[in-house]
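Shown next: query_7.tsv, given as TSV, C-alpha atoms.
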chain	number	residue	atom	x	y	z
A	200	MET	CA	-7.28	22.11	-13.99
A	201	ARG	CA	-7.79	19.14	-16.32
A	202	ALA	CA	-4.94	17.27	-14.67
A	203	LEU	CA	-6.28	18.11	-11.21
A	204	TYR	CA	-9.74	16.90	-12.23
A	205	ALA	CA	-8.36	13.60	-13.51
A	206	GLU	CA	-6.36	13.20	-10.30
A	207	GLU	CA	-9.45	13.73	-8.16
A	208	LEU	CA	-11.48	11.32	-10.30
A	209	ALA	CA	-8.87	8.65	-9.68
A	210	GLY	CA	-9.34	9.25	-5.96
A	211	LEU	CA	-12.99	8.22	-6.26
A	212	GLY	CA	-11.95	4.68	-7.21
A	213	LEU	CA	-13.55	2.54	-9.89
A	214	GLY	CA	-17.12	2.66	-8.66
A	215	TYR	CA	-18.32	5.80	-10.45
A	216	GLU	CA	-19.91	6.49	-13.81
A	217	SER	CA	-19.45	9.58	-15.99
A	218	LEU	CA	-22.62	10.78	-17.68
A	219	THR	CA	-23.23	13.62	-20.11
A	220	LEU	CA	-26.65	15.28	-20.10
A	221	GLY	CA	-28.00	17.88	-22.48
A	222	THR	CA	-29.44	21.01	-20.84
A	223	ARG	CA	-30.63	24.40	-22.08
A	224	LEU	CA	-27.20	25.73	-21.04
A	225	GLY	CA	-25.27	23.04	-22.91
A	226	ASP	CA	-23.75	19.70	-22.00
A	227	THR	CA	-23.45	18.87	-18.31
A	228	HIS	CA	-21.06	16.28	-16.94
A	229	VAL	CA	-22.45	14.21	-14.06
A	230	LEU	CA	-20.70	11.77	-11.74
A	231	ALA	CA	-22.88	8.90	-10.55
A	232	LEU	CA	-21.96	6.48	-7.80
A	233	GLY	CA	-23.59	4.31	-5.18
A	234	PRO	CA	-25.86	1.29	-5.56
A	235	GLU	CA	-28.05	1.33	-8.65
A	236	GLY	CA	-31.64	1.14	-7.55
A	237	ALA	CA	-30.91	2.87	-4.24
A	238	PRO	CA	-32.86	6.08	-3.46
A	239	PRO	CA	-31.43	8.93	-5.56
A	240	VAL	CA	-29.80	12.09	-4.21
A	241	VAL	CA	-28.48	14.99	-6.28
A	242	PHE	CA	-25.36	16.64	-4.88
A	243	LEU	CA	-24.52	20.21	-5.93
A	244	PRO	CA	-20.86	21.09	-5.18
A	245	GLY	CA	-19.22	24.34	-4.18
A	246	GLY	CA	-18.21	27.00	-6.67
A	247	ASN	CA	-14.61	27.57	-7.84
A	248	PHE	CA	-13.68	24.03	-6.76
A	249	LEU	CA	-13.80	20.78	-8.68
A	250	ASN	CA	-16.87	18.62	-8.31
A	251	PRO	CA	-15.01	15.35	-7.47
A	252	THR	CA	-13.07	17.13	-4.73
A	253	CYS	CA	-16.26	18.28	-3.01
A	254	LEU	CA	-17.93	14.95	-3.71
A	255	LYS	CA	-15.20	13.06	-1.84
A	256	TRP	CA	-16.20	14.87	1.35
A	257	PHE	CA	-19.72	13.43	1.00
A	258	LEU	CA	-18.97	9.89	-0.17
A	259	PRO	CA	-20.71	8.31	2.87
A	260	LEU	CA	-24.00	9.35	1.25
A	261	ALA	CA	-23.28	6.91	-1.58
A	262	GLU	CA	-23.35	3.98	0.85
A	263	ARG	CA	-27.16	4.16	0.98
A	264	HIS	CA	-28.05	6.28	-2.04
A	265	ARG	CA	-27.46	6.55	-5.76
A	266	LEU	CA	-25.57	9.83	-5.71
A	267	TYR	CA	-25.60	12.10	-8.76
A	268	ALA	CA	-23.15	15.01	-8.75
A	269	PRO	CA	-23.20	17.39	-11.75
A	270	ASP	CA	-20.32	19.69	-12.57
A	271	ILE	CA	-21.98	23.09	-12.26
A	272	VAL	CA	-22.11	24.93	-15.58
A	273	GLY	CA	-19.66	27.81	-15.73
A	274	GLN	CA	-17.52	26.41	-12.92
A	275	PRO	CA	-14.19	24.55	-13.21
A	276	GLY	CA	-14.92	21.09	-14.54
A	277	ARG	CA	-16.27	19.27	-17.58
A	278	SER	CA	-19.62	20.97	-18.06
A	279	GLU	CA	-20.34	23.80	-20.50
A	280	GLN	CA	-18.54	27.00	-19.52
A	281	VAL	CA	-21.67	29.15	-19.49
A	282	ARG	CA	-22.35	31.22	-16.37
A	283	PRO	CA	-25.95	32.22	-15.83
A	284	SER	CA	-26.47	35.37	-13.83
A	285	PRO	CA	-26.47	34.47	-10.13
A	286	LYS	CA	-29.19	37.10	-9.65
A	287	GLY	CA	-31.64	35.20	-11.86
A	288	ASP	CA	-33.04	31.68	-12.00
A	289	GLY	CA	-30.89	30.27	-14.81
A	290	HIS	CA	-29.18	27.82	-12.47
A	291	ALA	CA	-32.53	26.60	-11.14
A	292	PHE	CA	-33.75	25.91	-14.69
A	293	TRP	CA	-30.47	24.07	-15.26
A	294	VAL	CA	-31.06	21.90	-12.16
A	295	GLU	CA	-34.50	21.07	-13.54
A	296	ASP	CA	-32.87	19.99	-16.82
A	297	VAL	CA	-30.40	17.82	-14.90
A	298	LEU	CA	-33.27	16.13	-13.05
A	299	ASP	CA	-35.03	15.57	-16.38
A	300	GLY	CA	-31.88	14.11	-17.91
A	301	LEU	CA	-31.50	11.72	-14.99
A	302	GLY	CA	-35.14	10.69	-15.27
A	303	LEU	CA	-35.93	12.01	-11.79
A	304	GLU	CA	-39.35	13.56	-11.36
A	305	ARG	CA	-38.54	14.50	-7.76
A	306	ALA	CA	-35.40	14.08	-5.68
A	307	PRO	CA	-33.60	15.29	-2.56
A	308	LEU	CA	-30.92	17.94	-3.07
A	309	VAL	CA	-27.74	18.15	-1.01
A	310	GLY	CA	-25.78	21.33	-1.62
A	311	LEU	CA	-22.44	22.70	-0.44
A	312	SER	CA	-21.78	26.46	-0.35
A	313	TYR	CA	-22.50	27.76	-3.88
A	314	GLY	CA	-24.30	24.52	-4.70
A	315	ALA	CA	-26.52	24.96	-1.64
A	316	GLY	CA	-27.50	28.38	-2.97
A	317	LEU	CA	-28.49	26.74	-6.26
A	318	ALA	CA	-30.56	24.22	-4.31
A	319	VAL	CA	-32.35	27.10	-2.57
A	320	ARG	CA	-33.07	28.73	-5.93
A	321	THR	CA	-34.45	25.42	-7.27
A	322	VAL	CA	-36.67	24.98	-4.22
A	323	GLY	CA	-38.13	28.43	-4.91
A	324	LEU	CA	-38.60	27.96	-8.65
A	325	ALA	CA	-39.70	24.33	-8.82
A	326	PRO	CA	-40.72	23.11	-5.34
A	327	GLU	CA	-42.51	20.12	-6.85
A	328	ARG	CA	-39.16	18.73	-8.08
A	329	VAL	CA	-37.47	18.68	-4.66
A	330	SER	CA	-38.46	16.29	-1.85
A	331	GLN	CA	-35.89	17.43	0.74
A	332	ALA	CA	-32.97	19.83	0.88
A	333	ALA	CA	-29.80	19.53	3.00
A	334	LEU	CA	-27.71	22.69	2.86
A	335	VAL	CA	-24.11	22.79	4.12
A	336	CYS	CA	-22.35	26.15	4.66
A	337	PRO	CA	-24.95	27.59	2.30
A	338	SER	CA	-24.96	30.69	0.15
A	339	GLY	CA	-28.30	32.20	-0.77
A	340	ILE	CA	-29.65	32.56	2.79
A	341	ALA	CA	-27.59	35.21	4.61
A	342	ALA	CA	-24.04	36.53	4.55
A	343	GLY	CA	-21.58	37.99	7.00
A	344	PRO	CA	-20.43	41.63	7.07
A	345	VAL	CA	-18.77	42.73	3.84
A	346	LEU	CA	-15.72	44.63	5.13
A	347	PRO	CA	-14.38	41.88	7.43
A	348	MET	CA	-14.94	39.36	4.64
A	349	LEU	CA	-12.95	41.50	2.20
A	350	ALA	CA	-10.09	41.81	4.67
A	351	ARG	CA	-10.05	38.16	5.73
A	352	VAL	CA	-10.83	36.39	2.44
A	353	VAL	CA	-10.41	38.61	-0.61
A	354	LEU	CA	-7.21	40.47	0.29
A	355	PRO	CA	-5.08	37.32	0.82
A	356	MET	CA	-6.38	35.97	-2.49
A	357	LEU	CA	-5.40	39.15	-4.31
A	358	LEU	CA	-1.95	39.11	-2.76
A	359	TYR	CA	-1.44	35.49	-3.84
A	360	ARG	CA	-2.58	36.30	-7.36
A	361	LEU	CA	-0.10	39.19	-7.56
A	362	ARG	CA	2.82	37.07	-6.38
A	363	PRO	CA	2.06	33.35	-6.00
A	364	THR	CA	4.09	31.66	-3.28
A	365	GLU	CA	3.38	28.70	-1.01
A	366	GLU	CA	3.19	30.98	2.01
A	367	ARG	CA	0.71	33.30	0.30
A	368	LEU	CA	-1.41	30.33	-0.78
A	369	ARG	CA	-1.45	29.13	2.83
A	370	ARG	CA	-2.62	32.58	3.94
A	371	ALA	CA	-5.32	32.59	1.24
A	372	ALA	CA	-6.54	29.16	2.33
A	373	MET	CA	-6.56	29.79	6.09
A	374	PRO	CA	-9.73	31.92	6.21
A	375	LEU	CA	-11.65	29.35	4.14
A	376	PHE	CA	-10.46	25.98	5.41
A	377	THR	CA	-10.72	24.78	8.99
A	378	GLU	CA	-7.91	22.27	8.40
A	379	PRO	CA	-5.98	23.43	5.31
A	380	GLU	CA	-2.99	21.23	6.09
A	381	ASP	CA	-5.02	18.03	6.51
A	382	PRO	CA	-4.45	15.64	3.56
A	383	ALA	CA	-8.22	15.46	3.06
A	384	PHE	CA	-8.21	19.13	2.01
A	385	SER	CA	-4.80	19.59	0.37
A	386	PRO	CA	-6.19	18.92	-3.16
A	387	ALA	CA	-8.77	21.68	-2.63
A	388	VAL	CA	-6.05	24.08	-1.47
A	389	ARG	CA	-4.03	23.28	-4.60
A	390	GLN	CA	-7.13	23.90	-6.70
A	391	LEU	CA	-7.66	27.24	-5.00
A	392	GLY	CA	-4.16	28.22	-6.08
A	393	ALA	CA	-4.75	27.03	-9.66
A	394	VAL	CA	-8.04	28.93	-9.90
A	395	LEU	CA	-6.47	32.13	-8.58
A	396	ARG	CA	-3.51	31.83	-10.98
A	397	HIS	CA	-5.24	30.72	-14.16
A	398	LEU	CA	-9.00	31.34	-14.07
A	399	ARG	CA	-11.43	34.14	-13.51
A	400	LEU	CA	-12.69	33.62	-9.97
A	401	ASP	CA	-16.49	33.51	-9.91
A	402	ALA	CA	-17.34	36.05	-7.22
A	403	GLY	CA	-21.05	36.20	-8.06
A	404	LEU	CA	-23.23	34.35	-5.56
A	405	PRO	CA	-26.84	33.20	-5.81
A	406	ARG	CA	-29.11	35.98	-4.65
A	407	MET	CA	-30.58	35.81	-1.17
A	408	ALA	CA	-33.88	33.95	-1.03
A	409	THR	CA	-36.99	35.54	0.41
A	410	GLU	CA	-39.73	34.10	2.56
A	411	GLU	CA	-42.21	34.71	-0.26
A	412	GLU	CA	-40.13	32.78	-2.82
A	413	LEU	CA	-39.93	29.71	-0.60
A	414	ALA	CA	-43.49	29.74	0.75
A	415	GLY	CA	-44.55	27.03	-1.71
A	416	PHE	CA	-42.00	24.47	-0.53
A	417	GLY	CA	-43.27	22.25	2.26
A	418	GLY	CA	-40.51	19.65	2.19
A	419	PRO	CA	-38.11	19.34	5.11
A	420	VAL	CA	-34.90	21.36	5.06
A	421	ALA	CA	-31.68	20.78	7.03
A	422	VAL	CA	-29.12	23.58	7.37
A	423	PHE	CA	-25.57	23.20	8.67
A	424	ALA	CA	-23.64	26.45	9.10
A	425	SER	CA	-20.09	27.02	10.33
A	426	GLU	CA	-19.48	29.12	13.41
A	427	GLU	CA	-16.35	30.83	12.05
A	428	ASP	CA	-17.39	31.07	8.38
A	429	ALA	CA	-16.19	34.42	7.01
A	430	LEU	CA	-18.70	34.21	4.15
A	431	PHE	CA	-21.88	32.70	5.60
A	432	PRO	CA	-21.55	32.55	9.40
A	433	ALA	CA	-23.98	30.49	11.43
A	434	ARG	CA	-25.02	33.52	13.47
A	435	ALA	CA	-26.45	35.07	10.28
A	436	VAL	CA	-27.54	31.96	8.36
A	437	LEU	CA	-29.49	29.98	10.96
A	438	PRO	CA	-31.81	32.75	12.22
A	439	ARG	CA	-32.59	33.68	8.62
A	440	ALA	CA	-33.20	30.03	7.69
A	441	LYS	CA	-35.82	29.81	10.45
A	442	VAL	CA	-37.65	32.73	8.84
A	443	ILE	CA	-37.59	31.73	5.17
A	444	PHE	CA	-38.09	27.94	5.23
A	445	PRO	CA	-41.62	26.80	6.14
A	446	ASN	CA	-40.36	23.37	7.26
A	447	LEU	CA	-36.89	23.77	8.76
A	448	ALA	CA	-36.39	20.32	10.27
A	449	LEU	CA	-32.76	20.71	11.33
A	450	ALA	CA	-30.51	23.70	12.01
A	451	GLU	CA	-27.01	23.01	13.35
A	452	VAL	CA	-23.92	25.05	14.11
A	453	LEU	CA	-20.59	23.52	13.11
A	454	GLU	CA	-18.64	24.78	16.09
A	455	GLY	CA	-15.14	26.09	15.52
A	456	CYS	CA	-15.37	25.55	11.75
A	457	ARG	CA	-14.62	27.94	8.90
A	458	HIS	CA	-16.26	27.86	5.48
A	459	VAL	CA	-14.93	24.39	4.63
A	460	PRO	CA	-15.55	22.38	7.81
A	461	SER	CA	-13.09	20.06	9.49
A	462	LYS	CA	-12.95	16.37	8.58
A	463	SER	CA	-14.60	15.38	11.86
A	464	ALA	CA	-17.36	17.96	11.34
A	465	LEU	CA	-17.98	16.67	7.80
A	466	ASP	CA	-18.20	13.15	9.20
A	467	ARG	CA	-20.93	14.32	11.58
A	468	VAL	CA	-22.69	16.20	8.79
A	469	ASN	CA	-22.76	13.07	6.66
A	470	GLU	CA	-24.26	11.08	9.52
A	471	ARG	CA	-26.88	13.74	10.14
A	472	VAL	CA	-27.72	14.09	6.44
A	473	LEU	CA	-28.12	10.32	6.05
A	474	ALA	CA	-30.51	10.29	9.01
A	475	PHE	CA	-32.35	13.33	7.62
A	476	LEU	CA	-32.78	11.66	4.24
A	477	ALA	CA	-34.05	8.49	5.89
A	478	GLY	CA	-36.92	10.34	7.54
A	479	PRO	CA	-37.91	12.08	10.78
A	480	GLU	CA	-37.75	8.91	12.86
A	481	GLU	CA	-34.02	8.69	12.14
A	482	THR	CA	-33.04	12.27	13.00

Would you write out, as structure tokens, the structure that this file holds?
Amino acid sequence: MRALYAEELAGLGLGYESLTLGTRLGDTHVLALGPEGAPPVVFLPGGNFLNPTCLKWFLPLAERHRLYAPDIVGQPGRSEQVRPSPKGDGHAFWVEDVLDGLGLERAPLVGLSYGAGLAVRTVGLAPERVSQAALVCPSGIAAGPVLPMLARVVLPMLLYRLRPTEERLRRAAMPLFTEPEDPAFSPAVRQLGAVLRHLRLDAGLPRMATEEELAGFGGPVAVFASEEDALFPARAVLPRAKVIFPNLALAEVLEGCRHVPSKSALDRVNERVLAFLAGPEET
């Protein structure tokens, strides 16, 4: 995984900084890129994948913002390998510590999958620290039916782990990636294989948020959910988002997409998130 991380870092080019912040859960590695002095945004990546891989899908945000992307503690990467319970608020306290370390009293959060669930937990615990939240294929809001998910997602992963082959890796990736053979996603597919072969897959997800937990957050929220997501399908996520977020400014279905959207869908998401961050007149 170290070699894969270095490879993905090289793909970011020369315009990033590596920072190390102290938190109550240990050292946290943060990637920073975008114009210094530009409005800050904190990006929380997906779980079980490398931060720079996820970050590359959202690089357009760094054209107008100073983008800070921490390696989530306990996930593959360069942060401390401590995993707080996903049922508690340890990750939200950690996000607070990251904001403190960056000198940010309040900032927008952009989260992908697992990272979006951590953003939701932070909004509930410390609403005064978050100005806006953009959530892409989010955990922590609603999930699809368990049995179809086990058959579509978990079983192919187990079969690959038992006997790793290229064909079995392709079958494990298909339910998660809309375009697994596109070069933009091939590093993530390779990482999926490495995680399944060498690491303990983190199957714990942030607990589902309640309307009561989020009642104190009045900032705008944007939610993008994939139509064909086996984990967090739009048909479950978006109706629930309308119930639990007091100020749901944007709710969009990524049509025809699985958990990791297509390149064209991610391009649209980046455009929409940039407009959302700029303010209501832009969306």

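The nearest approach to A:Glu427 among the residues A:Met348, A:Ala448, A:Met356, A:Ala332, with all atoms listed in the file taken into account, belongs to A:Met348.
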
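Remark: for A:Ala408, the closest of the candidate residues A:Gln331, A:Asn247, A:Ser278, A:Ser338 is A:Ser338 (distances computed over only C-alpha atoms).
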
Neighbours of A:Gly273 within 9 Å (all atoms listed in the file; same-chain residues fewer than 5 positions away dropped), as a VMD selection string? chain A and resid 278 to 283 401

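Around A:Leu437, within 9 Å and counting all atoms listed in the file, the residues found are Ile340, Ala341, Val422, Phe423, Ala424, Pro432, Ala433, Arg434, Ala435, Arg439, Ala440, Lys441, Val442, Ala450, Glu451 and Val452 of chain A, once anything fewer than 2 positions away on its own chain is removed.
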
Just the selected residues (C-alpha atoms), exported as a compact mmCIF listing (two decimals), in the frame of the given file, please.
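Below is the file that was written, again-v4.txt:
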# COMPACT_ATOMS: atom_id res chain seq x y z
CA ILE A 340 -29.65 32.56 2.79
CA ALA A 341 -27.59 35.21 4.61
CA VAL A 422 -29.12 23.58 7.37
CA PHE A 423 -25.57 23.20 8.67
CA ALA A 424 -23.64 26.45 9.10
CA PRO A 432 -21.55 32.55 9.40
CA ALA A 433 -23.98 30.49 11.43
CA ARG A 434 -25.02 33.52 13.47
CA ALA A 435 -26.45 35.07 10.28
CA ARG A 439 -32.59 33.68 8.62
CA ALA A 440 -33.20 30.03 7.69
CA LYS A 441 -35.82 29.81 10.45
CA VAL A 442 -37.65 32.73 8.84
CA ALA A 450 -30.51 23.70 12.01
CA GLU A 451 -27.01 23.01 13.35
CA VAL A 452 -23.92 25.05 14.11

For the contact check between stretch 270-372 of chain A and stretch 250-253 of chain A, emit one row per residue of stretch 270-372 of chain A within 9 Å, containing the shortest atom pair and the distance in Å rounded to one decimal, counting all atoms listed in the file, chain then rising number order, as a tab-separated table.
residue	atom	partner	partner_atom	distance
A:Asp270	CA	A:Asn250	CA	5.6
A:Ile271	CA	A:Asn250	CA	7.9
A:Pro275	CA	A:Asn250	CA	8.1
A:Gly276	CA	A:Asn250	CA	7.0
A:Leu311	CA	A:Cys253	CA	8.0

Shell of 12 Å around stretch 202-212 of chain A, all atoms listed in the file, local chain residues under 3 positions omitted, as an MDAnalysis selection string: chainID A and resid 215:217 229:233 248:259 261 270 275:277 383:394

Polymer residues at most 10 Å from A:Lys286, all atoms listed in the file, same-chain spacing of 4 or more positions, as a ChimeraX atom specification: /A:290,320,403-407

Between atom CA of A:Gly214 and atom CA of A:His458, what is the distance, to one decimal in Å? 28.9 Å

When distances are computed from all atoms listed in the file, which of A:Leu260, A:Arg360, A:Phe431, A:Ala421 shows the smallest separation from A:Asp466? A:Leu260

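Among the candidates A:Leu266, A:Leu301, A:Leu398, A:Val353, the one nearest to A:Glu235 when counting only C-alpha atoms is A:Leu266.
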
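Straight-line separation from atom CA of A:Gly246 to atom CA of A:Cys336: 12.1 Å.
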
Find the residue from A:Leu357, A:Ala371, A:Val472, A:Leu400 that sits nearest to A:Phe242; use only C-alpha atoms when measuring. A:Val472

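Distance check against A:Pro344 using all atoms listed in the file: of A:Glu454, A:Asp226, A:Asp296, A:Asp428, the minimum falls on A:Asp428.
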
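Between atom CA of A:Leu447 and atom CA of A:Gly343 the interatomic distance comes to 21.0 Å.
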
Tell me, as a PyMOL selection string, which residues lie within 7 Å of A:Asn446, counting all atoms listed in the file; anything in the same chain fewer than 3 positions away does not count. chain A and resi 417-420
